[in-house]
Each structure stands twice: as C-alpha cells, then as structure tokens.
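This report concerns only the one structure given below.
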Amino acid sequence: MQGFRITMSLDDMDLGVIYQFISNSYWGKGIPRKRFEKSLRHSFCFAVLDDENQLVAFARLITDRTTFAYLADVFVVEVHRGKGISKWLISEIIAHPELQGLRRMMLATRDAHGLYEQFGFTPIAPVENFMQIWKPNVYQS
C-alpha cells in the first residue's frame with residue numbers, strides 16, 4: 001500500500017503504542033507490561049508503519065511456523081481505519097513464506113468476523129472438539 005510498509009522487527013515498532021492499545025482492549029485489558037513484552041518476543045509480530053515510521057496497525061501470530069498458528073492482537077489505530085489496512089495486513093500475514101503449509105490457523109474475535117471470513121476463516125466445527133483453560137482474571141492482582 002502506498003505510504004505504508006510492513007515490518008516484523010520489534011526494534012521498528014512503537015511498543016508503547018502497542019501496549020497502550022492492547023492493555024485497554026477487551027481481550028488484553030490490564031496485561032502487565034513485562035508479560036506483554038514477553039508475549040511479543042515469543043511471537044511472530046507484524047506492524048504497519050506510515051511514511052514517518054508511526055505505528056498504524058499491528059498483529060501477532062503465535063506459531064510453530066510449520067503446522068499451527070493463532071492470530072492475535074490485531075488492531076488498526078483509529079485514525080487509519082477504513083483505508084483497507086487491516087485487509088492488507090491480514091493478506092500479507094497469510095501469504096508470508098514461513099507460514100505456507102500450515103494445517104490450521106485460528107483466531108478469536110468478538111467483532112470482526114466479516115473481515116476474517118474474506119480470508120477463509122470459518123467458525124470452528126465441530127466446536128465440541130475444542131477445549132480451553134480460561135482464566136479471565138489472570139491479569140488482576
């Protein structure tokens with residue numbers, strides 16, 4: 001996309017902006033900064049930057065890069081929404097050479113089903129095959 005670039009280098013990303021967004025999101029509310037930074041170091045991270053190297057969008061993939069990936073923490077900074085940036089970012093992630101041949105890529109979303117359906121994501125079926133350990137208050141002391 002003209003005027004934007006994707007980086008996978010944490011050194012290029014404004015971790016403060018990313019942390020601010022995620023720690024206030026419905027899925028990451030209250031995550032401690034150290035835990036947040038550790039999650040980035042152990043993930044495959046993608047950020048969209050503008051011509052001035054300002055953070056525009058972010059996504060993180062938890063993956064073995066061979067069989068499975070979980071897409072998480074996807075967001076576009078509010079002033080850049082509606083420009084197709086999320087579609088571009090997701091398409092670039094899915095097309096990444098190290099992610100070809102995955103058997104399964106998953107995500108959880110409360111409000112962006114239409115976006116992900118465009119890339120082939122479907123509801124989990126049969127849902128009864130999947131289980132989780134859920135600790136919704138893990139970030140609260």
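Residue numbers start at 1 in each chain; chains themselves are named A, B, ... in the order of the structure tokens; ligands are numbered from 1 in the order shown.
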
For Ser91 in chain A, find every residue with an atom within 10 Å (counting only C-alpha atoms), except residues of its own chain fewer than 4 positions away, and show them as number ranges by chain. A: 85-87, 95-96, 116, 118-119

As an MDAnalysis selection string, please: the residues near Asp14 in chain A (cut-off 7 Å, only C-alpha atoms, same-chain neighbours under 3 positions excluded). chainID A and resid 17:18 55

Counting only C-alpha atoms, the residue of A:Tyr26, A:Phe44, A:Trp134, A:Phe21 that sits nearest Tyr70 in chain A: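 Among A:Tyr26, A:Phe44, A:Trp134, A:Phe21, it is A:Phe44 that comes nearest to Tyr70 in chain A.
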
I want to know what sits within 12 Å of Asp51 in chain A, based on only C-alpha atoms, with residues of the same chain fewer than 6 positions away left out; could you give that as a PyMOL selection string? chain A and resi 1-6

Pull N, CA and C atoms from the residues just selected and write them as an mmCIF file, in the first residue's frame.
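Result file is selection_21.cif:
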data_model
loop_
_atom_site.group_PDB
_atom_site.id
_atom_site.type_symbol
_atom_site.label_atom_id
_atom_site.label_comp_id
_atom_site.auth_asym_id
_atom_site.auth_seq_id
_atom_site.Cartn_x
_atom_site.Cartn_y
_atom_site.Cartn_z
ATOM 1 N N MET A 1 0.848 -1.187 0.000
ATOM 2 C CA MET A 1 0.000 0.000 0.000
ATOM 3 C C MET A 1 0.885 1.239 0.000
ATOM 4 N N GLN A 2 0.551 2.144 -0.847
ATOM 5 C CA GLN A 2 1.346 3.364 -0.951
ATOM 6 C C GLN A 2 1.276 4.163 0.353
ATOM 7 N N GLY A 3 2.439 4.576 0.830
ATOM 8 C CA GLY A 3 2.519 5.366 2.045
ATOM 9 C C GLY A 3 2.667 4.556 3.310
ATOM 10 N N PHE A 4 2.671 3.239 3.172
ATOM 11 C CA PHE A 4 2.769 2.361 4.331
ATOM 12 C C PHE A 4 3.740 1.229 4.037
ATOM 13 N N ARG A 5 4.301 0.662 5.106
ATOM 14 C CA ARG A 5 5.147 -0.519 4.965
ATOM 15 C C ARG A 5 4.892 -1.449 6.142
ATOM 16 N N ILE A 6 5.189 -2.725 5.928
ATOM 17 C CA ILE A 6 5.057 -3.717 6.994
ATOM 18 C C ILE A 6 6.443 -4.076 7.488
#

Please provide the set of residues having any atom within 12 Å of range 37-40 of chain A, restricted to only C-alpha atoms, with same-chain residues fewer than 4 positions apart removed, written as a list of chain:residue names.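 Final neighbour list, sorted by chain and number: A:Met8, A:Ser9, A:Leu10, A:Asp11, A:Met13, A:Asp14, A:Leu15, A:Gly16, A:Ile18, A:Tyr19, A:Ile22, A:Ser23, A:Gly28, A:Ile31, A:Pro32, A:Arg33, A:Phe44, A:Cys45, A:Phe46, A:Ala47, A:Phe58, A:Ala59, A:Arg60, A:Leu61, A:Ile62, A:Thr63, A:Ala72, A:Asp73.
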
Who sits within 12 Å of range 124-128 of chain A, only C-alpha atoms, same chain under 6 positions skipped, as a list in words: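 With the cut-off at 12 Å, the set is Arg104, Met105, Met106, Leu107 and Ala108 of chain A.
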
What would the file look like if the residues just selected were written as a tab-separated table (two decimals), in the first residue's frame with C-alpha atoms?
chain	number	residue	atom	x	y	z
A	104	ARG	CA	-4.62	-24.75	10.90
A	105	MET	CA	-4.71	-21.02	11.61
A	106	MET	CA	-7.11	-19.85	14.30
A	107	LEU	CA	-8.24	-16.65	15.94
A	108	ALA	CA	-10.87	-15.38	18.32

Please identify which residues in chain A DSSP calls helix (DSSP H, G or I) from the backbone, and express them as a VMD selection string. chain A and resid 10 to 12 15 to 23 33 to 41 78 to 80 85 to 95 97 to 99 113 to 117 127 to 129

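Closest approach to Val74 in chain A from the set A:Ser25, A:Gln100, A:Thr122, A:Gln140 is made by A:Ser25, with distances taken over only C-alpha atoms.
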
So, with only C-alpha atoms as the atoms that count, which of A:Asn129, A:Thr7, A:Asn53, A:Thr66 lies closest to Pro97 in chain A? A:Thr66

How many Å separate CA of Leu89 in chain A from CA of Val76 in chain A?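 Going from CA of Leu89 in chain A over to CA of Val76 in chain A covers 9.6 Å.
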
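Pairwise distance (CA of Thr67 in chain A, CA of Met131 in chain A) equals 18.5 Å.
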
Nearest to Asn137 in chain A by atom-to-atom distance, counting only C-alpha atoms, from A:Lys29, A:Lys83, A:His113, A:Arg35: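 Smallest separation from Asn137 in chain A among the options: A:Lys29.
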
For Ala69 in chain A, the nearest of the candidates A:Leu49, A:Ile90, A:Ala57, A:Leu99, counting only C-alpha atoms: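 Checking each candidate against Ala69 in chain A, we get A:Leu99 as the closest.
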
Kindly give the distance, in Å, that separates CA of Val48 in chain A and CA of Ala112 in chain A, rounded to a single decimal.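 So the two atoms, CA of Val48 in chain A and CA of Ala112 in chain A, lie 18.6 Å apart.
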